[in-house]
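Note sheet for the following structure.
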Amino acid sequence: MQTQPRLYTDLHGMRARIERIKGNPAVSLTIVAAFLLVGVFVVYPLVKVVLKSLESPDGLGFATYVKIFSGWYMRRALYNTLLVGVLTAVIGVAIGFIFAFTMAKTDVPGKKIINLLAILPVVSPPFVGAVAILLLFGSNGLITTQLLGLYDFRIYGLKGLLLAQVMTFFPIAYLTLRGVLESIGSSLEDAAFDLGASRWEVFSKVTLPLAAPGIASALLVLFIESLADFGNPLVLAGSQFPTLAVQAYLQITGMYDLAGGAALAVALLFPSLIAFVLQKYWLGKKRYVTVTGKPSRNRSMAVSPAMKWTLFGFCVAVSALVLLFYGVIFVGAFSRLWGVDHSFSLRNFEYVFNVGLEAVKDTLLVAVTSTPVSGVLGMVLAFLIVRQRFVGRRTLEFVSMLNYALPGTLVGIGYLLAFHEPPLALTGTLAILVLNFVFRYVPVGMQGGIASLQQIDPAIEEAAIDLGATTARTFRKVTLPLIAPAFFSGLIFAFIRAMTAISSAIFLVSADWQLMTVQILSQVGSGRLGVAAAFSVILIGVIVVAMFVIRWLVSRTLGIRVNVNF
Amino acid sequence: MKRTRSFIVMLVLAVLFAAMTAAGSAQQVITVYTSVDEENAAAILKAFTEATGIQTRMLFMSAGPALARLDAEKNNPVADVWMGAPSENHVLAKERGLTQPYFSPNAEVLDPKFRDPDGYWTSFYMNPMAVAINKQWQARTRVEAPKSWRDLLKPEFRGQIQLPTPQSSGTAYNMLASLVLAWGEDEAMAYFKGLHANVQTYTQSGTAPSQAVALGQTGVAIQFTPAFLKLADEGYPIEIIFPEEGVGFEAPAVSIVAGAKNPEGAKKLVDWLLSEEGQATLSKAKTYFFPIHPNVVAGDGLPSVSEIPLIDYDPIWAGENRERLVNRWIDEVLR
């Protein structure tokens, strides 16, 4: 598998390329535009937040940081955030690995269902887990009160938050690790078996080391996701278990302290940034991919039958838990009054249509507008970065990726600070929401595009150019169809994320533009769990429908059939 | 055909983009940031539109987010009026230069404690604080109904009290400041520290405890009366108690935003809210708020104000000491 871009040692080729760029104003313009856009909508807000946190009576200083972190409460918030991050990463990756291993290396039945259930949390708002946990384990929860008769069980705090985060994020680990395990192939393991190694030896000395970079990568990704998580801690952590993202929000909205909130958000940034850099640039180099052979013939050899069924049992149990979570949301949406009267009722949906219809429409509009922009921009950026040579190319790549690693809270505050006065007075408009989503989710499409482009021989494009096509035409007619799967994944991802975003969006909603996720949290905060569940059901439904629609649209426009392989 | 299609697509995108950044036109419309909850705010504003013909656009934000939003927008304000949120928040807004003064002719008849001497804000209703207890829980656990704040410190209430957190809720801060005013700061803080042991959870929003106690998720809830009164009216098994040491009250106010785009419309809203007609709407719309106009009687289902032991509350002092008191609460009570 080719992972390095082609190097041009051919001098004539290089000169020809440079001439082509220089003589191609459209490309130069695009490059300049890319820098400008990324500078204004990624770098500028970040700078504003950092500057705000350094505001002090006499110029720039660390007064705000001292004030915020001299209190035990905020130090506890920092500790809690890191603790939960590490625990979520470790437990989530453990569960994800078991799933991935079971799916990739054994022949258990029901794989399709288990796979579907395992990825369900990916297509729903990240805090749906928290709502489900409240419905199940809260003070009037289905399991705690109705089933077990426990009236004093408190789910708030570390255990509730951990459960919510692990259930929300383990699918990410699962997807990553499944890809890793499948791409490793089994030829090396088969060789080890042939040489007489025991199953455990093969696992510990061949499989695990080969998967190690993937595991490390998944650990870091989950850590970053946990740190940035806003919805789950807001619902489940409570005042007695402070976390940074929630405290930054409360500092701004409850204590009217923009500088303090900015300082907390910056404190959140550092662990995320370190993890991100480690994951992208240090681990990225170490990828262990064995020479592609045929997929494993002898999967059943990898584990003993006893182990196989144990793993299967575990996967079934966790999948059942996922099913329970979503099931209870569904039931809660249609229940008259959760905890008191579970008879079927459309009351909650009535409330949604009376009070929340605006939010539904606005969310759809924002998602539908930002998704294609995000997808196309991602592909254009990928194309520029892989196929063109210009000063600052690596910087452009890094900065575009950066926005994805920044905690949503930080980006939201940044946009609020950066765009509330002329020349770019965008607060309260649709534009600020769309721009926020576009630039946050561009990196995923871009990354997919880069990976795909690196595997395509430039000779194909060069042939088109030799035959007289402009760069734009080549991009549209040759490159884009070839990277269609990456484009498609980028679109779906951007749409899902736009529909389910909360941590940055909560700062940007306005009188004219509401979002469903903000509505859901507001309903949970007011104790109306049934309405929150109804909103969630609608949200998930829209996402599922949209996935099919996007797939159809992409197939039609680009003339090829794409399949989402989750 | 392809050309035309892509041209149409571009045209649509261009129009969308233009629409995105265009501000709304400012004919007889006022933009209202409301800290009154959505249902009641919608009812009140609807009556206002029917009476005056002025359209309204509203966004709900509780006190904290509203202040932060007004602050962030102060160089280019979006809202015309801030309606609702206890008066101490409007004191803060005045101090930060976020509002402009207006002496409504209808305000002169009000008790001076309900309006800012400089005209920057005027209260238009009030709610006392109360404790609600779930009668089914009480029957099951045979706990004696609390008669005073200090009764809530008893161990039988362990894990059964829900109230909002002063970090984000004006309601919670009002309770904190009231008890500080009544008992002195140190004793009030000691009380909250004792109460902390019995708290099930501190809620984000000021109205969540009422839901919880109505549904039996918690035995006791503390917040302002409207939600309690409404739920009791709807048949939920709750009983409302006013602790004998006295209760604080909120007097949510209305202010006109400094630099508002439609100040004339804003003034009309203030006038109407303080008029007898506007005050009567509070009962007609079943908000369960107490009107403050001396000639307007509170609606059915509301106890008479004279029966409630009120603590003398100073919203200006409360506003000035908020940051310090909340930080002290976080520091001492949550630890």
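Ordering of the structure tokens sets the chain letters (A, B, ...); residue numbers start at 1 within each chain; ligands are numbered from 1 in the order shown.
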
| field | Interface residues on chain A facing chain B, 9 Å, only C-alpha atoms, written as number ranges by chain | value | A: 71-73, 138-141, 151-154, 156, 234-235, 238-240, 250-258, 337-340, 355, 369, 416-417, 420-422, 425-432, 507, 510-512, 522, 524-528

| said: I'd like to know which residues of range 92-271 of chain A are helix (DSSP H, G or I) (by DSSP, run on the backbone); could you write them as a PyMOL selection string? | reply: chain A and resi 92-105+111-123+128-137+142-147+158-184+187-194+199-228+231-236+244-253+258-271

| Between CA of Asn436 in chain A and CA of Val29 in chain B, distance in Å (one decimal) |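 Atom-to-atom, CA of Asn436 in chain A to CA of Val29 in chain B, that is 28.5 Å.
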
| field | Selection: 9 Å around Met167 in chain A, only C-alpha atoms, excl. self and same-chain fewer than 3 positions, as a list in words | value |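 Non-adjacent residues within range: Gly92, Pro121, Gly129, Leu162, Leu163, Ala164, Phe170, Pro171, Val318, Leu321 and Val322 of chain A.
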
Serialized selection, C-alpha atoms, as a short mmCIF file (atom, residue, chain, number, x, y, z; two decimals), in the first residue's frame:
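Contents of selection.cif, as written:
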data_model
loop_
_atom_site.label_atom_id
_atom_site.label_comp_id
_atom_site.auth_asym_id
_atom_site.auth_seq_id
_atom_site.Cartn_x
_atom_site.Cartn_y
_atom_site.Cartn_z
CA GLY A 92 -13.07 2.49 25.39
CA PRO A 121 -23.51 5.80 18.71
CA GLY A 129 -25.89 8.36 26.03
CA LEU A 162 -17.57 7.46 32.47
CA LEU A 163 -20.36 5.12 31.42
CA ALA A 164 -21.76 7.72 29.03
CA PHE A 170 -15.89 3.00 22.05
CA PRO A 171 -17.29 2.70 18.48
CA VAL A 318 -22.23 -4.57 25.15
CA LEU A 321 -26.48 -2.29 26.29
CA VAL A 322 -26.29 -0.05 23.24
#

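Excluding Ser319 in chain A itself and any same-chain residue fewer than 3 positions from it, the protein and nucleic acid residues within 8 Å of it, counting only C-alpha atoms, are A:Ile114, A:Leu117, A:Ala118, A:Cys315, A:Val316, A:Val322, A:Leu323.
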
| task | Write out as a PyMOL selection string each polymer residue whose atoms come within 9 Å of Lys135 in chain B, counting only C-alpha atoms; drop sequence neighbours fewer than 6 positions from it. | result | chain B and resi 216+219+237-239

Written file, previous selection with C-alpha atoms, as a PDB file, in the first residue's frame:
ATOM      1  CA  GLY B 216     -41.027  11.807  42.573  1.00  0.00           C
ATOM      2  CA  GLY B 219     -38.359  14.255  47.890  1.00  0.00           C
ATOM      3  CA  PRO B 237     -48.717  15.323  44.510  1.00  0.00           C
ATOM      4  CA  ILE B 238     -46.700  18.226  45.853  1.00  0.00           C
ATOM      5  CA  GLU B 239     -47.155  20.490  48.823  1.00  0.00           C
TER       6      GLU B 239
END

| message | So that I can see what lies close to Val297 in chain B, please list as a count of residues only the residues with an atom at most 12 Å from it, counting only C-alpha atoms and leaving out residues fewer than 2 positions away in the same chain. | response | 24

| message | For a test of reading the model, state the distance in Å between CA of Ala85 in chain B and CA of Thr34 in chain B, rounded to one decimal. | response |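 Interatomic distance, CA of Ala85 in chain B to CA of Thr34 in chain B: 7.9 Å.
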
| query | CA of Ala532 in chain A and CA of His342 in chain A are how many Å apart? | reply | 15.6 Å

| message | Please identify the strand (DSSP E or B) residues within range 306-400 of chain A (assignment by DSSP from backbone atoms) and present them as a ChimeraX atom specification. | response | /A:335-337,341-344
